[in-house]
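Structure below is query_15.cif: mmCIF, C-alpha atoms.
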data_run
loop_
_atom_site.label_atom_id
_atom_site.label_comp_id
_atom_site.auth_asym_id
_atom_site.auth_seq_id
_atom_site.Cartn_x
_atom_site.Cartn_y
_atom_site.Cartn_z
CA MET A 23 -13.44 23.54 7.17
CA SER A 24 -11.54 20.50 8.49
CA PHE A 25 -8.36 20.87 10.49
CA TYR A 26 -6.37 19.18 7.71
CA ARG A 27 -7.70 21.58 5.05
CA GLN A 28 -6.50 24.45 7.21
CA LEU A 29 -3.13 22.81 7.79
CA LYS A 30 -2.53 21.63 4.21
CA PRO A 31 -1.45 25.00 2.69
CA LEU A 32 1.23 25.27 5.37
CA LEU A 33 2.37 21.66 4.93
CA PHE A 34 2.60 22.05 1.16
CA LYS A 35 4.94 25.01 1.52
CA ILE A 36 7.65 22.85 3.05
CA ASP A 37 9.63 19.90 1.77
CA PRO A 38 7.36 16.81 1.43
CA GLU A 39 9.53 14.61 3.63
CA LYS A 40 9.68 17.26 6.35
CA ALA A 41 5.91 17.65 6.08
CA HIS A 42 5.50 13.90 6.48
CA ASN A 43 7.71 13.91 9.55
CA LEU A 44 5.67 16.76 11.05
CA VAL A 45 2.37 14.96 10.47
CA THR A 46 3.66 11.71 11.91
CA LYS A 47 4.94 13.52 15.00
CA LEU A 48 1.38 14.72 15.54
CA MET A 49 0.18 11.16 15.02
CA SER A 50 2.56 9.88 17.65
CA ILE A 51 0.95 12.21 20.18
CA THR A 52 -2.66 11.18 19.47
CA PRO A 53 -2.69 7.85 21.41
CA LYS A 54 -1.46 9.69 24.48
CA LEU A 55 -4.45 12.05 24.38
CA HIS A 56 -7.29 9.66 25.05
CA LEU A 57 -10.11 12.15 24.54
CA LEU A 58 -8.69 13.15 21.15
CA GLU A 59 -8.21 9.54 20.13
CA SER A 60 -11.77 8.70 21.15
CA TYR A 61 -13.06 11.70 19.19
CA LEU A 62 -11.19 10.62 16.04
CA VAL A 63 -12.44 7.04 16.30
CA ALA A 64 -16.03 8.22 16.79
CA SER A 65 -15.74 10.60 13.85
CA TYR A 66 -13.95 8.41 11.32
CA CYS A 67 -14.38 4.72 12.18
CA LYS A 68 -17.88 4.14 10.88
CA VAL A 69 -19.06 0.56 10.49
CA TYR A 70 -21.21 -0.35 7.48
CA ASP A 71 -22.40 -3.94 7.45
CA ASN A 72 -22.36 -4.13 3.66
CA LEU A 73 -18.63 -3.29 3.49
CA SER A 74 -17.28 -6.08 5.69
CA GLN A 75 -15.49 -9.14 4.30
CA ASP A 76 -13.59 -12.15 5.56
CA ILE A 77 -10.59 -12.90 3.33
CA HIS A 78 -8.04 -15.63 4.02
CA GLY A 79 -9.20 -15.83 7.61
CA LEU A 80 -8.87 -12.09 8.22
CA HIS A 81 -11.78 -9.73 8.91
CA PHE A 82 -11.84 -6.43 7.01
CA TYR A 83 -14.59 -4.14 8.26
CA ASN A 84 -14.08 -1.96 5.19
CA PRO A 85 -12.02 -2.45 2.00
CA VAL A 86 -9.85 0.68 2.24
CA GLY A 87 -6.30 0.03 3.41
CA LEU A 88 -3.21 2.14 3.81
CA ALA A 89 -0.53 1.36 1.24
CA SER A 90 3.03 0.63 2.30
CA GLY A 91 5.40 3.57 2.38
CA PHE A 92 3.59 5.78 4.87
CA ASP A 93 4.29 3.91 8.11
CA LYS A 94 7.56 2.21 7.23
CA ASN A 95 8.47 1.18 10.75
CA ALA A 96 5.07 0.38 12.37
CA GLU A 97 5.18 3.52 14.51
CA PHE A 98 1.70 5.00 14.00
CA ILE A 99 -0.61 1.98 14.00
CA ARG A 100 -3.17 3.25 16.52
CA SER A 101 -3.43 6.71 14.97
CA LEU A 102 -3.89 5.34 11.46
CA ALA A 103 -6.47 2.79 12.55
CA GLY A 104 -8.28 5.60 14.39
CA ILE A 105 -9.03 7.48 11.17
CA GLY A 106 -10.90 4.63 9.57
CA PHE A 107 -8.58 2.42 7.55
CA GLY A 108 -9.82 -1.13 7.29
CA PHE A 109 -6.29 -2.51 7.28
CA LEU A 110 -2.71 -1.25 7.25
CA GLU A 111 0.22 -2.39 5.14
CA LEU A 112 3.38 -1.44 7.01
CA GLY A 113 6.86 -1.06 5.53
CA SER A 114 8.55 -1.54 3.21
CA ILE A 115 10.92 -3.09 5.70
CA THR A 116 14.31 -4.64 4.96
CA GLN A 117 16.26 -7.17 6.97
CA MET A 118 18.98 -4.68 7.87
CA PRO A 119 18.37 -0.98 8.62
CA GLN A 120 19.17 1.41 5.81
CA ASN A 121 19.07 5.15 5.21
CA GLY A 122 17.57 5.14 1.74
CA ASN A 123 18.56 7.43 -1.11
CA PRO A 124 20.04 10.94 -0.76
CA LYS A 125 17.66 13.82 -0.03
CA PRO A 126 15.62 15.43 -1.48
CA ARG A 127 13.89 12.23 -2.55
CA ILE A 128 10.16 12.92 -2.64
CA PHE A 129 8.37 15.58 -4.68
CA ARG A 130 4.82 16.83 -5.16
CA HIS A 131 3.04 17.36 -8.47
CA ILE A 132 0.20 19.41 -7.06
CA GLU A 133 -1.91 19.98 -10.16
CA GLU A 134 -1.86 16.26 -10.95
CA GLU A 135 -2.44 15.28 -7.29
CA SER A 136 0.58 13.00 -7.64
CA MET A 137 3.91 12.33 -5.98
CA GLN A 138 7.33 11.36 -7.26
CA ASN A 139 9.22 9.26 -4.75
CA ALA A 140 12.82 8.07 -4.79
CA MET A 141 12.99 7.11 -1.12
CA GLY A 142 14.87 3.82 -1.43
CA PHE A 143 13.46 1.73 1.44
CA ASN A 144 14.64 3.93 4.31
CA ASN A 145 13.70 1.99 7.46
CA ILE A 146 14.92 0.74 10.84
CA GLY A 147 15.19 -2.91 9.81
CA ALA A 148 13.14 -5.99 10.62
CA ARG A 149 14.23 -6.22 14.26
CA GLY A 150 13.42 -2.56 14.82
CA MET A 151 9.96 -3.02 13.34
CA LEU A 152 9.46 -6.14 15.46
CA ALA A 153 10.02 -4.12 18.63
CA ASN A 154 7.30 -1.69 17.53
CA LEU A 155 4.87 -4.43 16.52
CA LYS A 156 5.20 -6.15 19.88
CA LYS A 157 3.53 -3.10 21.44
CA HIS A 158 0.35 -3.64 19.40
CA TYR A 159 0.07 -7.10 17.89
CA PRO A 160 -2.43 -8.71 17.66
CA PHE A 161 -4.42 -5.67 16.62
CA SER A 162 -8.05 -4.76 15.95
CA ILE A 163 -7.62 -4.56 12.16
CA PRO A 164 -5.36 -6.64 9.89
CA LEU A 165 -1.72 -5.57 9.82
CA GLY A 166 0.20 -6.47 6.68
CA ILE A 167 3.98 -6.24 6.41
CA ASN A 168 5.60 -5.26 3.13
CA ILE A 169 9.09 -6.74 2.79
CA GLY A 170 11.78 -5.38 0.48
CA LYS A 171 15.41 -6.15 -0.33
CA ASN A 172 18.42 -4.39 1.14
CA LYS A 173 20.02 -2.11 -1.44
CA ASP A 174 23.65 -3.19 -1.07
CA LEU A 175 23.11 -6.94 -1.35
CA VAL A 176 23.85 -8.66 -4.65
CA LEU A 177 20.83 -10.23 -6.32
CA SER A 178 22.10 -13.74 -5.58
CA ASP A 179 21.62 -13.06 -1.86
CA SER A 180 18.06 -11.72 -2.27
CA LEU A 181 16.21 -14.90 -1.35
CA LYS A 182 17.99 -15.22 2.00
CA ASN A 183 17.47 -11.50 2.63
CA TYR A 184 13.70 -11.87 2.23
CA GLU A 185 13.70 -15.07 4.29
CA LEU A 186 15.45 -13.46 7.26
CA SER A 187 12.95 -10.59 7.33
CA LEU A 188 9.99 -12.92 7.07
CA ASP A 189 11.33 -15.21 9.78
CA THR A 190 11.87 -12.24 12.12
CA LEU A 191 8.36 -10.84 11.64
CA LYS A 192 6.27 -13.95 10.93
CA ASP A 193 4.54 -14.00 14.33
CA HIS A 194 3.66 -10.29 14.37
CA GLY A 195 1.90 -9.67 11.07
CA ASP A 196 -1.41 -10.88 9.66
CA TYR A 197 -0.21 -11.07 6.07
CA PHE A 198 3.04 -10.47 4.20
CA THR A 199 3.64 -8.74 0.87
CA PHE A 200 6.84 -9.24 -1.09
CA ASN A 201 7.93 -6.05 -2.83
CA LEU A 202 9.92 -6.86 -5.97
CA SER A 203 8.70 -3.80 -7.82
CA SER A 204 10.02 -0.62 -6.25
CA PRO A 205 11.96 1.40 -8.84
CA ASN A 206 14.20 2.89 -6.15
CA THR A 207 16.39 -0.12 -5.33
CA PRO A 208 18.83 -0.86 -8.16
CA ASN A 209 17.97 -4.02 -10.12
CA LEU A 210 15.12 -4.97 -7.75
CA ARG A 211 12.65 -5.25 -10.61
CA ASP A 212 14.93 -7.85 -12.21
CA LEU A 213 13.58 -10.22 -9.55
CA GLN A 214 10.14 -10.06 -11.17
CA ASN A 215 10.75 -13.29 -13.05
CA GLU A 216 9.21 -16.74 -12.81
CA SER A 217 12.30 -18.44 -11.41
CA PHE A 218 12.88 -16.09 -8.48
CA VAL A 219 9.18 -15.69 -7.69
CA GLY A 220 8.79 -19.44 -7.57
CA GLU A 221 11.73 -19.78 -5.18
CA LEU A 222 10.50 -16.88 -3.05
CA ILE A 223 6.97 -18.15 -2.56
CA SER A 224 8.10 -21.73 -2.00
CA MET A 225 10.54 -20.51 0.66
CA ALA A 226 7.89 -18.36 2.33
CA ARG A 227 5.43 -21.23 2.47
CA GLU A 228 7.95 -23.18 4.53
CA VAL A 229 8.30 -20.24 6.96
CA THR A 230 4.64 -19.31 7.50
CA ASN A 231 1.08 -20.40 6.76
CA LYS A 232 -0.16 -16.80 6.88
CA PRO A 233 -1.46 -15.09 3.72
CA LEU A 234 1.24 -14.09 1.21
CA PHE A 235 0.97 -11.42 -1.48
CA LEU A 236 3.17 -10.25 -4.34
CA LYS A 237 3.36 -6.54 -5.21
CA ILE A 238 4.00 -5.95 -8.90
CA SER A 239 5.07 -3.09 -11.15
CA PRO A 240 2.70 -1.35 -13.58
CA ASP A 241 5.50 -1.26 -16.15
CA MET A 242 5.87 -4.98 -16.91
CA GLU A 243 5.11 -6.37 -20.34
CA VAL A 244 1.73 -8.06 -20.17
CA ASP A 245 2.97 -11.55 -21.09
CA VAL A 246 5.72 -11.35 -18.47
CA MET A 247 3.31 -10.07 -15.84
CA LEU A 248 0.84 -12.86 -16.46
CA ALA A 249 3.56 -15.52 -16.41
CA VAL A 250 5.04 -14.22 -13.14
CA CYS A 251 1.63 -13.98 -11.47
CA GLN A 252 0.67 -17.47 -12.64
CA LYS A 253 3.92 -18.86 -11.23
CA ALA A 254 3.22 -17.15 -7.91
CA ILE A 255 -0.28 -18.63 -7.82
CA ASP A 256 1.05 -22.10 -8.67
CA CYS A 257 3.51 -21.85 -5.78
CA GLY A 258 0.88 -20.86 -3.22
CA ILE A 259 0.54 -17.08 -3.26
CA ASN A 260 -2.74 -15.79 -1.83
CA GLY A 261 -2.98 -12.61 -3.84
CA ILE A 262 -1.50 -9.95 -6.10
CA VAL A 263 -1.07 -6.29 -5.06
CA ALA A 264 -1.22 -4.08 -8.16
CA THR A 265 0.44 -1.75 -8.59
CA ASN A 266 3.59 -0.10 -7.32
CA THR A 267 4.70 3.29 -8.66
CA THR A 268 5.47 3.79 -12.35
CA ILE A 269 8.62 4.89 -14.12
CA ASP A 270 6.60 5.87 -17.18
CA TYR A 271 7.27 9.57 -16.78
CA ASN A 272 4.94 10.44 -19.64
CA VAL A 273 2.07 10.32 -17.11
CA ILE A 274 3.33 13.55 -15.50
CA ALA A 275 3.85 16.95 -17.10
CA ASN A 276 7.18 17.88 -15.49
CA PRO A 277 8.94 14.93 -13.86
CA ILE A 278 11.75 15.76 -11.47
CA LYS A 279 15.21 15.01 -12.83
CA LYS A 280 18.71 14.69 -11.42
CA ASN A 281 21.56 15.09 -13.89
CA ASP A 282 18.91 15.30 -16.65
CA VAL A 283 17.52 11.86 -15.75
CA ALA A 284 14.06 11.40 -14.22
CA ILE A 285 14.15 9.64 -10.86
CA GLY A 286 11.89 7.58 -8.64
CA GLY A 287 8.36 6.41 -9.22
CA ILE A 288 5.09 8.25 -9.81
CA SER A 289 2.04 7.66 -7.63
CA GLY A 290 -1.36 9.32 -7.32
CA LYS A 291 -3.87 10.36 -9.96
CA ALA A 292 -1.25 10.26 -12.71
CA LEU A 293 -0.99 6.50 -12.11
CA CYS A 294 -4.73 5.88 -12.09
CA GLU A 295 -5.25 4.78 -15.70
CA LYS A 296 -2.21 2.49 -15.78
CA SER A 297 -3.14 0.87 -12.47
CA ARG A 298 -6.75 0.37 -13.56
CA THR A 299 -5.60 -1.19 -16.84
CA VAL A 300 -3.33 -3.64 -15.02
CA LEU A 301 -6.18 -4.62 -12.70
CA LYS A 302 -8.47 -5.20 -15.66
CA ILE A 303 -5.95 -7.60 -17.19
CA LEU A 304 -5.38 -9.38 -13.90
CA GLY A 305 -9.11 -9.66 -13.30
CA GLN A 306 -9.71 -11.18 -16.72
CA ASN A 307 -7.02 -13.78 -16.13
CA PHE A 308 -6.99 -14.51 -12.41
CA PHE A 309 -10.28 -13.47 -10.80
CA GLY A 310 -11.50 -16.37 -8.69
CA LYS A 311 -8.01 -17.90 -8.68
CA THR A 312 -6.35 -15.41 -6.34
CA THR A 313 -7.18 -12.29 -4.35
CA LEU A 314 -6.55 -8.96 -6.08
CA ILE A 315 -5.65 -5.79 -4.16
CA SER A 316 -5.66 -2.60 -6.22
CA LEU A 317 -3.87 0.69 -5.63
CA GLY A 318 -2.74 3.60 -7.72
CA GLY A 319 -4.76 6.79 -8.20
CA ILE A 320 -7.79 5.85 -6.10
CA SER A 321 -9.13 9.06 -4.58
CA ASP A 322 -12.92 8.66 -4.41
CA ALA A 323 -15.71 6.11 -4.06
CA ASN A 324 -16.39 6.06 -7.81
CA GLU A 325 -12.89 4.86 -8.64
CA LEU A 326 -12.99 2.36 -5.80
CA TYR A 327 -16.31 1.06 -7.15
CA THR A 328 -14.73 0.64 -10.56
CA ARG A 329 -11.85 -1.35 -9.07
CA LEU A 330 -14.29 -3.64 -7.25
CA GLY A 331 -16.11 -4.32 -10.49
CA LEU A 332 -12.81 -5.21 -12.17
CA GLY A 333 -12.07 -7.82 -9.53
CA ALA A 334 -10.34 -6.11 -6.60
CA SER A 335 -11.45 -7.34 -3.19
CA LEU A 336 -9.49 -4.63 -1.37
CA VAL A 337 -7.84 -1.33 -2.26
CA GLN A 338 -5.03 0.75 -0.79
CA LEU A 339 -4.46 4.51 -0.63
CA MET A 340 -1.56 6.73 0.21
CA THR A 341 -1.03 9.67 -2.15
CA SER A 342 -4.73 10.64 -2.13
CA PHE A 343 -4.60 10.44 1.68
CA ILE A 344 -1.75 12.98 1.62
CA PHE A 345 -3.66 15.33 -0.69
CA HIS A 346 -7.11 15.04 0.94
CA GLY A 347 -6.44 14.19 4.56
CA PRO A 348 -8.01 11.75 7.03
CA SER A 349 -11.64 12.54 6.20
CA LEU A 350 -11.08 10.90 2.79
CA ILE A 351 -11.34 7.35 4.16
CA ALA A 352 -14.59 7.95 6.04
CA ASN A 353 -16.11 9.78 3.05
CA ILE A 354 -15.17 7.00 0.62
CA ASN A 355 -16.63 4.29 2.84
CA LYS A 356 -19.86 6.21 3.40
CA GLU A 357 -20.33 6.82 -0.32
CA LEU A 358 -19.35 3.27 -1.22
CA SER A 359 -21.90 1.81 1.18
CA HIS A 360 -24.58 4.03 -0.35
CA LYS A 361 -23.62 3.09 -3.93
CA LEU A 362 -23.90 -0.60 -3.11
CA GLU A 363 -27.38 -0.05 -1.65
CA VAL A 364 -28.56 1.98 -4.64
CA ASP A 365 -27.34 -0.70 -7.05
CA GLY A 366 -29.06 -3.46 -5.11
CA PHE A 367 -26.01 -5.22 -3.66
CA LYS A 368 -26.51 -6.51 -0.13
CA SER A 369 -22.77 -6.82 0.43
CA ILE A 370 -19.53 -5.72 -1.15
CA SER A 371 -18.75 -9.34 -2.05
CA GLU A 372 -21.67 -9.38 -4.49
CA MET A 373 -20.17 -6.45 -6.42
CA ILE A 374 -16.60 -7.71 -6.76
CA GLY A 375 -15.80 -8.86 -10.29
CA LYS A 376 -19.16 -7.87 -11.80
CA ASP A 377 -17.58 -5.87 -14.62
CA ILE A 378 -14.98 -8.42 -15.73
CA SER A 379 -15.29 -9.24 -19.42
CA GLN A 380 -13.69 -12.50 -20.45
#

Once more with this new file: its structure as structure tokens, please.
Amino acid sequence: MSFYRQLKPLLFKIDPEKAHNLVTKLMSITPKLHLLESYLVASYCKVYDNLSQDIHGLHFYNPVGLASGFDKNAEFIRSLAGIGFGFLELGSITQMPQNGNPKPRIFRHIEEESMQNAMGFNNIGARGMLANLKKHYPFSIPLGINIGKNKDLVLSDSLKNYELSLDTLKDHGDYFTFNLSSPNTPNLRDLQNESFVGELISMAREVTNKPLFLKISPDMEVDVMLAVCQKAIDCGINGIVATNTTIDYNVIANPIKKNDVAIGGISGKALCEKSRTVLKILGQNFFGKTTLISLGGISDANELYTRLGLGASLVQLMTSFIFHGPSLIANINKELSHKLEVDGFKSISEMIGKDISQ
């Protein structure tokens, strides 16, 4: 039995945020124990030639990345890379530090292997993240930075808010994702419109030539989603990250409520079908025109394989990582490599988009 499987029953008896803080404290120790770090790298960082890709000038030795939300402040980069992720998306970060929403603000739905999170972009701010990134960047795997909006700013100041964060961090990230889709910042999703997205991407293109991505909600009307994504592509976006958490609380049996109102967003297996459906639509409309990164409910190699077939070049995990532990990434990559061989694909690139039906 793995160490995490022994630890998990204890972790799941305490508040999820406290459990996260405990795990990350252990992660912060790992780089200081060189023998332990070397053991983890040898155990989890397996290289399979058929999983590597070069995308927008970045090398991904496997397609499994960490989703934003786990390492908000770029504090655990070495430990996370040491358990086999092919890339890390750090954040969400905001220009100014903020505390996030009142606690408790994250909840487990154990039977559904899902989480309900109302965190609210708690982070140390762009300058705080920059100080942490300077210790590591450039790094051995791609480091993406997910940028959000400060809660207390009016929407009319949003563009400048994103610009200041991007300008602060532009030299210490490999790609940047704009988060307009978190349900935990009031009115943030109102920015998912063609006008603002056009202004945002045009601004960002003046600040940096590095890859830019847009993270979208799974709850948008299809016509609106397609129009917003098309506008982003027209303005120079490099890819779409789909999807953020959902506020469709029908996907969970007993959503957590405050004052009789459900809060936060749902991630994990409960999001799987919605996220897959969004990817299918995006693949049918934009495959070959932009890079697609899929997340939401991916917990095994079979689901990852499905997402590749629907047009995703890369995937991200977080909730399944919490439920299954660090061995999940190595197991998925091993099984994925084998599935590609069995199906006669010499490389992952040959598989991507094979199941798209126009």

Problem - Given all atoms listed in the file as the counted atoms, nearest of A:Leu110, A:Val246, A:Leu29, A:Ala140 to A:Glu216 - result: A:Val246

Practice task
Kindly indicate which residue among A:Ser379, A:Ser316, A:Ser60, A:Ser289 lies nearest to A:His131, using only C-alpha atoms for the distances.
Solution key: A:Ser289

Exercise for the section: Apply the PyMOL selection byres ((chain A and resi 202) around 8) to the structure shown and report the selected residues as a PyMOL selection string. Expected result: chain A and resi 170-171+200-201+203-204+210-211+213-214+236-238

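Between A:Lys232 and the residues A:Pro277, A:Gly91, A:Pro164, A:Gly290, the shortest atom-to-atom distance, using only C-alpha atoms, involves A:Pro164.
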
Exercise for the section: Give as a ChimeraX atom specification each residue that has an atom at most 8 Å from (-3.0, 9.1, -12.4) in the file, counting only C-alpha atoms. Expected result: /A:134,136,273,289-296,318-319

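Those residues that approach A:Ile354 to within 6 Å, counting all atoms listed in the file, are A:Asp322, A:Ala323, A:Leu358; same-chain residues fewer than 4 positions away are not listed.
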
Practice task
Calculate how many Å separate atom CA of A:Asp212 from atom CA of A:Leu301, rounding to one decimal.
Solution key: 21.4 Å

Problem - Residues returned when the PyMOL selection byres ((chain A and resi 113) around 9) runs on this file, as a ChimeraX atom specification - result: /A:89-96,111-112,114-116,143,145,151,166-170

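Between atom CA of A:Met340 and atom CA of A:Val300 there is a distance of 18.5 Å.
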
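Among the candidates A:Ile77, A:Ile315, A:Ile51, A:Ile370, the one nearest to A:Asp196 when counting all atoms listed in the file is A:Ile77.
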
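In terms of minimum interatomic distance to A:Cys251, A:Lys311 ranks closest within A:Arg100, A:Arg27, A:Lys311, A:His158, counting all atoms listed in the file.
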
Completion exercise
Judged by all atoms listed in the file, the minimum distance to A:Thr341 among A:Leu188, A:Met137, A:Leu32, A:Leu317 is found for A:Met137

Fill in the blank from the handout: Pairwise distance, atom CA of A:Gly347 with atom CA of A:Ser24, equals 9.0 Å

Problem - Contacts of A:Asp174 within 12 Å, only C-alpha atoms, excl. fewer than 4 positions in-chain, as a list in words - result: Thr116, Gln117, Met118, Pro119, Gln120, Asn121, Gly122, Asn123, Gly142, Phe143, Ser178, Asp179, Ser180, Asn183, Thr207, Pro208, Asn209 and Leu210 of chain A

Problem - Chain and number of each residue from the PyMOL selection byres ((chain A and resi 327) around 9), as a list in words - result: Asp322, Ala323, Asn324, Glu325, Leu326, Thr328, Arg329, Leu330, Gly331, Leu332, Leu358, Lys361, Leu362, Met373 and Ile374 of chain A

Determine, counting all atoms listed in the file, which protein, DNA and RNA residues have an atom within 12 Å of an atom of A:Ala226; residues of the same chain fewer than 6 positions away are not included. Present the result as a tab-separated table (two decimals) with C-alpha atoms, in the frame of the given file.
chain	number	residue	atom	x	y	z
A	169	ILE	CA	9.09	-6.74	2.79
A	181	LEU	CA	16.21	-14.90	-1.35
A	182	LYS	CA	17.99	-15.22	2.00
A	183	ASN	CA	17.47	-11.50	2.63
A	184	TYR	CA	13.70	-11.87	2.23
A	185	GLU	CA	13.70	-15.07	4.29
A	186	LEU	CA	15.45	-13.46	7.26
A	187	SER	CA	12.95	-10.59	7.33
A	188	LEU	CA	9.99	-12.92	7.07
A	189	ASP	CA	11.33	-15.21	9.78
A	191	LEU	CA	8.36	-10.84	11.64
A	192	LYS	CA	6.27	-13.95	10.93
A	197	TYR	CA	-0.21	-11.07	6.07
A	198	PHE	CA	3.04	-10.47	4.20
A	199	THR	CA	3.64	-8.74	0.87
A	200	PHE	CA	6.84	-9.24	-1.09
A	219	VAL	CA	9.18	-15.69	-7.69
A	220	GLY	CA	8.79	-19.44	-7.57
A	232	LYS	CA	-0.16	-16.80	6.88
A	233	PRO	CA	-1.46	-15.09	3.72
A	234	LEU	CA	1.24	-14.09	1.21
A	235	PHE	CA	0.97	-11.42	-1.48
A	236	LEU	CA	3.17	-10.25	-4.34
A	254	ALA	CA	3.22	-17.15	-7.91
A	257	CYS	CA	3.51	-21.85	-5.78
A	258	GLY	CA	0.88	-20.86	-3.22
A	259	ILE	CA	0.54	-17.08	-3.26
A	260	ASN	CA	-2.74	-15.79	-1.83

Near-A:Phe309 list (8 Å; only C-alpha atoms; drop same-chain fewer than 5 positions) as a PDB file with C-alpha atoms, in the frame of the given file:
ATOM      1  CA  LEU A 304      -5.380  -9.380 -13.900  1.00  0.00           C
ATOM      2  CA  LEU A 314      -6.550  -8.960  -6.080  1.00  0.00           C
ATOM      3  CA  GLY A 333     -12.070  -7.820  -9.530  1.00  0.00           C
ATOM      4  CA  GLY A 375     -15.800  -8.860 -10.290  1.00  0.00           C
TER       5      GLY A 375
END

Practice task
Pull the neighbourhood of (-10.8, -9.0, 10.9) for me: all residues within 12 Å in file coordinates, counting only C-alpha atoms, as a ChimeraX atom specification.
Solution key: /A:74-85,108-110,160-165,196-197

What would the file look like if the residues just selected were written as a short mmCIF file (atom, residue, chain, number, x, y, z; two decimals), in the coordinates of the input with C-alpha atoms?
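part35.cif, freshly written:
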data_model
loop_
_atom_site.label_atom_id
_atom_site.label_comp_id
_atom_site.auth_asym_id
_atom_site.auth_seq_id
_atom_site.Cartn_x
_atom_site.Cartn_y
_atom_site.Cartn_z
CA SER A 74 -17.28 -6.08 5.69
CA GLN A 75 -15.49 -9.14 4.30
CA ASP A 76 -13.59 -12.15 5.56
CA ILE A 77 -10.59 -12.90 3.33
CA HIS A 78 -8.04 -15.63 4.02
CA GLY A 79 -9.20 -15.83 7.61
CA LEU A 80 -8.87 -12.09 8.22
CA HIS A 81 -11.78 -9.73 8.91
CA PHE A 82 -11.84 -6.43 7.01
CA TYR A 83 -14.59 -4.14 8.26
CA ASN A 84 -14.08 -1.96 5.19
CA PRO A 85 -12.02 -2.45 2.00
CA GLY A 108 -9.82 -1.13 7.29
CA PHE A 109 -6.29 -2.51 7.28
CA LEU A 110 -2.71 -1.25 7.25
CA PRO A 160 -2.43 -8.71 17.66
CA PHE A 161 -4.42 -5.67 16.62
CA SER A 162 -8.05 -4.76 15.95
CA ILE A 163 -7.62 -4.56 12.16
CA PRO A 164 -5.36 -6.64 9.89
CA LEU A 165 -1.72 -5.57 9.82
CA ASP A 196 -1.41 -10.88 9.66
CA TYR A 197 -0.21 -11.07 6.07
#

Practice task
Give me the residues within 10 Å of A:Tyr66 as JSON, numbers by chain, counting all atoms listed in the file and dropping any in the same chain fewer than 4 places off.
Solution key: {"A": [61, 62, 103, 104, 105, 106, 107, 348, 349, 350, 351, 352, 353, 355]}

Edge lengths and centre in Å to one decimal, as AutoDock Vina command-line options, of the axis-aligned box that encloses all listed atoms of stretch 205-217 of chain A with 6 Å added on every side?
--center_x 14.0 --center_y -7.8 --center_z -9.2 --size_x 21.6 --size_y 33.3 --size_z 19.7

Missing atoms in stretch 324-336 of chain A: fill them in up to N, CA and C atoms and send the result as a PDB file, in the frame of the given file.
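Okay, rebuild.pdb is ready:
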ATOM      1  N   ASN A 324     -16.110   6.498  -6.436  1.00  0.00           N
ATOM      2  CA  ASN A 324     -16.390   6.060  -7.810  1.00  0.00           C
ATOM      3  C   ASN A 324     -15.266   5.205  -8.361  1.00  0.00           C
ATOM      4  N   GLU A 325     -14.020   5.652  -8.140  1.00  0.00           N
ATOM      5  CA  GLU A 325     -12.890   4.860  -8.640  1.00  0.00           C
ATOM      6  C   GLU A 325     -12.773   3.550  -7.878  1.00  0.00           C
ATOM      7  N   LEU A 326     -13.017   3.597  -6.578  1.00  0.00           N
ATOM      8  CA  LEU A 326     -12.990   2.360  -5.800  1.00  0.00           C
ATOM      9  C   LEU A 326     -14.051   1.386  -6.323  1.00  0.00           C
ATOM     10  N   TYR A 327     -15.221   1.889  -6.624  1.00  0.00           N
ATOM     11  CA  TYR A 327     -16.310   1.060  -7.150  1.00  0.00           C
ATOM     12  C   TYR A 327     -15.916   0.410  -8.461  1.00  0.00           C
ATOM     13  N   THR A 328     -15.223   1.180  -9.295  1.00  0.00           N
ATOM     14  CA  THR A 328     -14.730   0.640 -10.560  1.00  0.00           C
ATOM     15  C   THR A 328     -13.757  -0.500 -10.315  1.00  0.00           C
ATOM     16  N   ARG A 329     -12.854  -0.310  -9.352  1.00  0.00           N
ATOM     17  CA  ARG A 329     -11.850  -1.350  -9.070  1.00  0.00           C
ATOM     18  C   ARG A 329     -12.521  -2.621  -8.541  1.00  0.00           C
ATOM     19  N   LEU A 330     -13.554  -2.460  -7.722  1.00  0.00           N
ATOM     20  CA  LEU A 330     -14.290  -3.640  -7.250  1.00  0.00           C
ATOM     21  C   LEU A 330     -14.883  -4.400  -8.431  1.00  0.00           C
ATOM     22  N   GLY A 331     -15.508  -3.683  -9.331  1.00  0.00           N
ATOM     23  CA  GLY A 331     -16.110  -4.320 -10.490  1.00  0.00           C
ATOM     24  C   GLY A 331     -15.114  -5.059 -11.346  1.00  0.00           C
ATOM     25  N   LEU A 332     -13.867  -4.570 -11.378  1.00  0.00           N
ATOM     26  CA  LEU A 332     -12.810  -5.210 -12.170  1.00  0.00           C
ATOM     27  C   LEU A 332     -12.124  -6.350 -11.433  1.00  0.00           C
ATOM     28  N   GLY A 333     -12.556  -6.624 -10.207  1.00  0.00           N
ATOM     29  CA  GLY A 333     -12.070  -7.820  -9.530  1.00  0.00           C
ATOM     30  C   GLY A 333     -11.281  -7.607  -8.256  1.00  0.00           C
ATOM     31  N   ALA A 334     -11.081  -6.358  -7.834  1.00  0.00           N
ATOM     32  CA  ALA A 334     -10.340  -6.110  -6.600  1.00  0.00           C
ATOM     33  C   ALA A 334     -11.213  -6.348  -5.382  1.00  0.00           C
ATOM     34  N   SER A 335     -10.734  -7.129  -4.439  1.00  0.00           N
ATOM     35  CA  SER A 335     -11.450  -7.340  -3.190  1.00  0.00           C
ATOM     36  C   SER A 335     -11.155  -6.240  -2.180  1.00  0.00           C
ATOM     37  N   LEU A 336      -9.947  -5.678  -2.275  1.00  0.00           N
ATOM     38  CA  LEU A 336      -9.490  -4.630  -1.370  1.00  0.00           C
ATOM     39  C   LEU A 336      -8.744  -3.578  -2.181  1.00  0.00           C
TER      40      LEU A 336
END
